[in-house]
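Colleague: The structure under discussion is supplied below as structure tokens; questions concerning it will follow.
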Amino acid sequence: MDVLTVVKRNLIVFPLACAAAVAMVVISEGSYWQSVSKLDELGAIGAARTSIQGLERSILAAETGQRGYLLTDRKEYLQPYDKALAEIGEAFEFLDRYYGEVPSSMKVLGDLHGLTETKLSELAVAIRLYDEGKSAASTDIVLSELNKKQMDAIRTLSTELLEHEARNVTAGRKHLYQTLMLSRIGMAALSAISLLALFLYLRQTFALKKQQQELQQIVQAERDRLEIEVAHRTAQLTELTHHLLTAREDERNRLARNLHDELGALLTSAKLDAARIRSRLAGTAPEAMERLTHLVDTLNSSIALGRRIIEDLRPSTLSNLGLVATLEILVREFAERSGVEVHCALAPVKLEATAELMIYRLAQEAITNITKYANARHVWVGLVVRDSQVEVSVRDDGVGFDTRAKASSAYGLVGMRFRVEAEGGTLAVESAPGQGTLIQVTLPQSTLDTA
């Protein structure tokens, strides 16, 4: 079954399944990319919050390093101060890029820039004055009330930026939850649609399977009916064949009896009349005597021909001497005519008269086929009893034939098979090119005493 056939049989289910699959992919991909984008945004917000907090810490670290230097006059306290200045620069560089397209936040960041620069300038001036030996002026700057106000303003601006980013985080999480919820709803809806498509497909499949089963039942019923009809016809043909064979044998018997009774009587009477005329004309008319002699010879030949025809029509030896003697005479005459060496293994059997006649005719037909086609040098004829079954076989070492090939004319074998089946037996033919032919018949032995 190809794809086009499946589509034609599922005009609703297949497009619905395809649409559900496409929608599922679209929803899944859309939710994925929206979630990835929002997570990236949340990551950037986290980085901005870290930078703002780091900026505040760096300012405090710079102030702490400056005061430590002023109190101890030790240069190592300037190292945290210098490091804090570098970190403050990096933080502002990141925040400038981050808030570059947010005007409201850029204003706050600008104010933070200004306050931070002022604060760092005051720290740098205090260090410079201290280095110049003006400790009192440096101390005044450190203890100035303005210094505290600047740090409070810086904390206020940082807190404002942090609150702005907190609102962004809340909005981003809300958007992410909404995206996931919409994805869940969409996947649930598509799953329901897929289940509906599967249900429709299974229902159509079950309907199609039921239809196929009904068709198979119809076909099987029709096949059974045809088999019964064939068996009935075969039985009728077998009965018809048996009837025709019986009718033919009856006709042969009647014709043989008529020939024996009427034609034999006429020929015998004519021979006797010719003998009387011959005795009266003895020595008087030589030419007439010669004619009478020829006539008597012709009558003798006609009587012999009549006997042969009668024997062919209905072998009298079958009724008088039995099947074994009749087969021996048949094969002996065949051997004398053809010069083929015949081997006989014939045992007495108990069969109905019709079955004996069938075996005789089958042997006649087999010998005729051997004479015409086999080109054999040896023939084996067997008649035995095995397990209450009579087995008759005729085998030759001739050219043989291929039993699988369709013969141009196989009516002889068909006729044999119908004869055997009419008597309740089976016929088997084994042959191969160059290996001779075996015709074997098996039929049940008669339970009646034929002696």
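Ordered as shown in the structure tokens, chains take letters A, B, and onward, while each chain numbers its residues from 1 and ligands are numbered from 1 in the order shown.
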Considering only C-alpha atoms, return as an NGL selection string whatever protein or nucleic-acid residues lie within 9 Å of region 339-345 of chain A, sequence-local ones (same chain, fewer than 4 positions apart) excluded.

Modeller: :A and (328 or 331-332 or 334-335 or 376-384)

Colleague: Residues of the last selection are to be written out with N, CA and C atoms, as a compact mmCIF listing (two decimals), in the first residue's frame.

Modeller:
```
# COMPACT_ATOMS: atom_id res chain seq x y z
N GLU A 328 -0.87 -62.78 -18.94
CA GLU A 328 0.28 -63.52 -19.49
C GLU A 328 0.16 -63.66 -21.00
N VAL A 331 0.89 -60.11 -22.63
CA VAL A 331 2.30 -59.70 -22.68
C VAL A 331 3.11 -60.64 -23.56
N ARG A 332 2.72 -61.93 -23.61
CA ARG A 332 3.45 -62.86 -24.48
C ARG A 332 3.26 -62.48 -25.94
N PHE A 334 2.53 -59.53 -27.05
CA PHE A 334 3.27 -58.28 -27.26
C PHE A 334 4.75 -58.54 -27.46
N ALA A 335 5.33 -59.43 -26.64
CA ALA A 335 6.75 -59.75 -26.78
C ALA A 335 7.04 -60.40 -28.12
N ALA A 376 11.41 -49.03 -25.85
CA ALA A 376 11.99 -49.75 -24.71
C ALA A 376 12.56 -51.09 -25.15
N ARG A 377 13.47 -51.61 -24.33
CA ARG A 377 14.04 -52.93 -24.56
C ARG A 377 13.55 -53.94 -23.53
N HIS A 378 13.10 -53.46 -22.36
CA HIS A 378 12.59 -54.34 -21.32
C HIS A 378 11.31 -53.74 -20.75
N VAL A 379 10.38 -54.64 -20.40
CA VAL A 379 9.13 -54.24 -19.77
C VAL A 379 8.88 -55.17 -18.58
N TRP A 380 8.45 -54.56 -17.47
CA TRP A 380 8.14 -55.33 -16.27
C TRP A 380 6.67 -55.14 -15.92
N VAL A 381 5.95 -56.26 -15.78
CA VAL A 381 4.53 -56.23 -15.44
C VAL A 381 4.37 -56.94 -14.11
N GLY A 382 3.72 -56.26 -13.13
CA GLY A 382 3.55 -56.84 -11.81
C GLY A 382 2.10 -56.80 -11.35
N LEU A 383 1.72 -57.83 -10.61
CA LEU A 383 0.38 -57.92 -10.03
C LEU A 383 0.54 -58.60 -8.67
N VAL A 384 0.42 -57.81 -7.57
CA VAL A 384 0.64 -58.36 -6.23
C VAL A 384 -0.43 -57.80 -5.29
```

Colleague: Nearest to Tyr32 (chain A) among A:Arg128, A:Leu180, A:Arg74, A:Thr326, with distances taken over only C-alpha atoms: which residue is it?

Modeller: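 Under the stated criterion, the closest residue is A:Leu180.
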
Colleague: Point out the residue among A:Tyr360, A:Tyr130, A:Tyr373, A:Tyr177 with the least atom-to-atom distance to Val399 (chain A), counting only C-alpha atoms.

Modeller: A:Tyr373

Colleague: Step one, run DSSP on the backbone; step two, keep only residues of region 290-344 of chain A assigned to alpha helix (DSSP H); then write them as a ChimeraX atom specification.

Modeller: /A:290-313,316-320,323-338

Colleague: Give me the residues within 6 Å of Gln445 (chain A) as a short mmCIF file (atom, residue, chain, number, x, y, z; two decimals) with C-alpha atoms, in the first residue's frame, counting only C-alpha atoms and dropping any in the same chain fewer than 2 places off.

Modeller:
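selection06.cif written:
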```
data_model
loop_
_atom_site.label_atom_id
_atom_site.label_comp_id
_atom_site.auth_asym_id
_atom_site.auth_seq_id
_atom_site.Cartn_x
_atom_site.Cartn_y
_atom_site.Cartn_z
CA LYS A 350 -9.48 -61.22 -5.72
CA LEU A 351 -11.24 -58.51 -7.73
CA SER A 388 -5.36 -55.87 1.38
CA GLN A 389 -4.55 -53.64 -1.58
CA VAL A 390 -4.02 -54.89 -5.12
#
```

Colleague: If you count only C-alpha atoms, which residues fall within 8 Å of region 423-431 of chain A, apart from same-chain ones fewer than 2 positions away, as a list in words?

Modeller: Thr354, Ala355, Gly400, Phe401, Asp402, Thr403, Met416, Arg417, Arg419, Val420, Glu421, Pro433, Gln435, Gly436, Thr437, Leu438, Ile439, Gln440, Val441, Thr442, Leu443 and Pro444 of chain A

Colleague: Quick one: everything within 12 Å of region 62-64 of chain A, counting only C-alpha atoms, minus sequence neighbours fewer than 4 positions away in the same chain. Send it as a short mmCIF file (atom, residue, chain, number, x, y, z; two decimals) with N, CA and C atoms, in the first residue's frame.

Modeller:
```cif
data_model
loop_
_atom_site.label_atom_id
_atom_site.label_comp_id
_atom_site.auth_asym_id
_atom_site.auth_seq_id
_atom_site.Cartn_x
_atom_site.Cartn_y
_atom_site.Cartn_z
N GLY A 54 28.46 45.74 42.06
CA GLY A 54 29.93 45.79 42.05
C GLY A 54 30.44 47.22 42.00
N LEU A 55 29.70 48.10 41.27
CA LEU A 55 30.08 49.51 41.20
C LEU A 55 30.04 50.14 42.59
N GLU A 56 28.97 49.85 43.32
CA GLU A 56 28.83 50.42 44.66
C GLU A 56 29.94 49.88 45.57
N ARG A 57 30.23 48.59 45.46
CA ARG A 57 31.28 48.02 46.29
C ARG A 57 32.65 48.60 45.93
N SER A 58 32.86 48.81 44.62
CA SER A 58 34.17 49.36 44.19
C SER A 58 34.37 50.79 44.70
N GLY A 68 42.66 54.31 54.37
CA GLY A 68 43.74 53.52 54.96
C GLY A 68 45.10 54.11 54.66
N TYR A 69 45.25 54.62 53.46
CA TYR A 69 46.53 55.25 53.10
C TYR A 69 46.76 56.51 53.91
N LEU A 70 45.68 57.31 54.05
CA LEU A 70 45.83 58.56 54.77
C LEU A 70 46.12 58.32 56.24
N LEU A 71 45.60 57.27 56.81
CA LEU A 71 45.80 57.00 58.23
C LEU A 71 47.15 56.35 58.51
N TYR A 77 48.06 50.38 50.73
CA TYR A 77 46.62 50.66 50.77
C TYR A 77 46.15 51.31 49.48
N LEU A 78 47.07 51.78 48.66
CA LEU A 78 46.67 52.35 47.37
C LEU A 78 46.40 51.28 46.32
N GLN A 79 46.89 50.07 46.56
CA GLN A 79 46.61 49.00 45.59
C GLN A 79 45.12 48.69 45.50
N PRO A 80 44.37 48.47 46.60
CA PRO A 80 42.91 48.29 46.49
C PRO A 80 42.24 49.52 45.86
N TYR A 81 42.77 50.70 46.18
CA TYR A 81 42.23 51.93 45.60
C TYR A 81 42.34 51.89 44.08
N ASP A 82 43.55 51.58 43.56
CA ASP A 82 43.76 51.53 42.10
C ASP A 82 42.91 50.42 41.46
N LYS A 83 42.83 49.30 42.12
CA LYS A 83 42.02 48.19 41.58
C LYS A 83 40.54 48.57 41.53
N ALA A 84 40.07 49.28 42.58
CA ALA A 84 38.67 49.72 42.59
C ALA A 84 38.40 50.69 41.46
N LEU A 85 39.36 51.58 41.17
CA LEU A 85 39.17 52.52 40.06
C LEU A 85 39.01 51.77 38.74
N ALA A 86 39.83 50.72 38.52
CA ALA A 86 39.71 49.94 37.28
C ALA A 86 38.36 49.24 37.20
N GLU A 87 37.91 48.68 38.33
CA GLU A 87 36.62 47.99 38.34
C GLU A 87 35.47 48.95 38.10
N ILE A 88 35.59 50.15 38.64
CA ILE A 88 34.53 51.16 38.42
C ILE A 88 34.45 51.51 36.95
N THR A 116 29.73 59.73 40.83
CA THR A 116 30.91 58.87 41.01
C THR A 116 32.18 59.61 40.63
N LYS A 119 32.98 62.04 43.35
CA LYS A 119 33.49 61.31 44.50
C LYS A 119 34.93 60.87 44.27
N LEU A 120 35.21 60.32 43.11
CA LEU A 120 36.58 59.87 42.82
C LEU A 120 37.55 61.05 42.75
N SER A 121 37.05 62.17 42.25
CA SER A 121 37.92 63.37 42.19
C SER A 121 38.29 63.83 43.58
N GLU A 122 37.29 63.83 44.52
CA GLU A 122 37.57 64.22 45.89
C GLU A 122 38.58 63.26 46.52
N LEU A 123 38.41 61.97 46.24
CA LEU A 123 39.38 61.00 46.79
C LEU A 123 40.77 61.27 46.25
N ALA A 124 40.86 61.52 44.96
CA ALA A 124 42.16 61.78 44.35
C ALA A 124 42.79 63.08 44.88
N ALA A 126 42.24 64.44 47.85
CA ALA A 126 42.69 64.21 49.22
C ALA A 126 44.03 63.50 49.24
N ILE A 127 44.23 62.52 48.38
CA ILE A 127 45.51 61.79 48.33
C ILE A 127 46.62 62.73 47.86
N VAL A 142 38.18 64.59 53.84
CA VAL A 142 37.67 63.27 54.22
C VAL A 142 36.51 63.41 55.20
N ASN A 147 30.90 64.75 51.60
CA ASN A 147 31.36 63.39 51.24
C ASN A 147 30.31 62.35 51.59
N LYS A 148 29.70 62.48 52.78
CA LYS A 148 28.65 61.54 53.21
C LYS A 148 27.43 61.66 52.32
N GLN A 150 27.31 62.58 49.21
CA GLN A 150 27.61 61.99 47.91
C GLN A 150 27.43 60.47 47.94
N MET A 151 27.91 59.86 49.00
CA MET A 151 27.77 58.39 49.09
C MET A 151 26.30 57.99 49.23
#
```

Colleague: With distances taken over only C-alpha atoms, which of A:Glu290, A:Glu352, A:Glu163, A:Glu229 is nearest to Gln53 (chain A)?

Modeller: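 Closest to Gln53 (chain A), using only C-alpha atoms: A:Glu163.
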
Colleague: What are the closest atom pairs, with distances in Å to one decimal, for all residues of region 294-318 of chain A lying within 7 Å of region 266-282 of chain A? Consider only C-alpha atoms, order rows by chain and residue number, and present the result as JSON lines.

Modeller:
```
{"residue": "A:Val296", "atom": "CA", "partner": "A:Lys271", "partner_atom": "CA", "distance": 6.1}
{"residue": "A:Leu299", "atom": "CA", "partner": "A:Lys271", "partner_atom": "CA", "distance": 6.3}
{"residue": "A:Ile303", "atom": "CA", "partner": "A:Leu267", "partner_atom": "CA", "distance": 6.6}
```

Colleague: Can you write out as a Markdown table which residues of region 112-157 of chain A fall within 12 Å of region 94-105 of chain A, alongside each residue's closest atom pair and its distance in Å to one decimal, counting only C-alpha atoms and ordering rows by chain and ascending residue number?

Modeller:
```
| residue | atom | partner | partner_atom | distance |
| --- | --- | --- | --- | --- |
| A:Leu112 | CA | A:Ser105 | CA | 10.4 |
| A:His113 | CA | A:Asp96 | CA | 9.9 |
| A:Leu157 | CA | A:Ser105 | CA | 10.1 |
```

Colleague: With a distance cut-off of 10 Å and only C-alpha atoms, select the neighbouring residues of region 37-46 of chain A, excluding the residue or stretch itself and same-chain residues fewer than 6 positions from it, and output the selection as a tab-separated table (two decimals) with C-alpha atoms, in the first residue's frame.

Modeller:
```tsv
chain	number	residue	atom	x	y	z
A	31	SER	CA	8.03	28.47	22.92
A	52	ILE	CA	25.55	47.94	39.77
A	98	TYR	CA	23.39	47.88	28.63
A	162	LEU	CA	18.51	47.80	41.06
A	164	HIS	CA	14.37	48.90	37.89
A	165	GLU	CA	16.17	45.66	37.12
A	166	ALA	CA	14.11	43.83	39.76
A	168	ASN	CA	12.48	43.72	34.70
A	169	VAL	CA	13.22	40.36	36.34
A	170	THR	CA	9.65	40.09	37.60
A	171	ALA	CA	8.25	40.99	34.17
A	172	GLY	CA	10.60	38.52	32.46
A	173	ARG	CA	9.65	35.69	34.80
A	175	HIS	CA	6.46	36.43	30.53
A	176	LEU	CA	8.39	33.17	30.77
A	179	THR	CA	5.04	31.29	27.48
```

Colleague: May I ask for the distance between CA of Arg308 (chain A) and CA of Thr293 (chain A), given in Å to one decimal place?

Modeller: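 These two atoms are separated by 22.8 Å.
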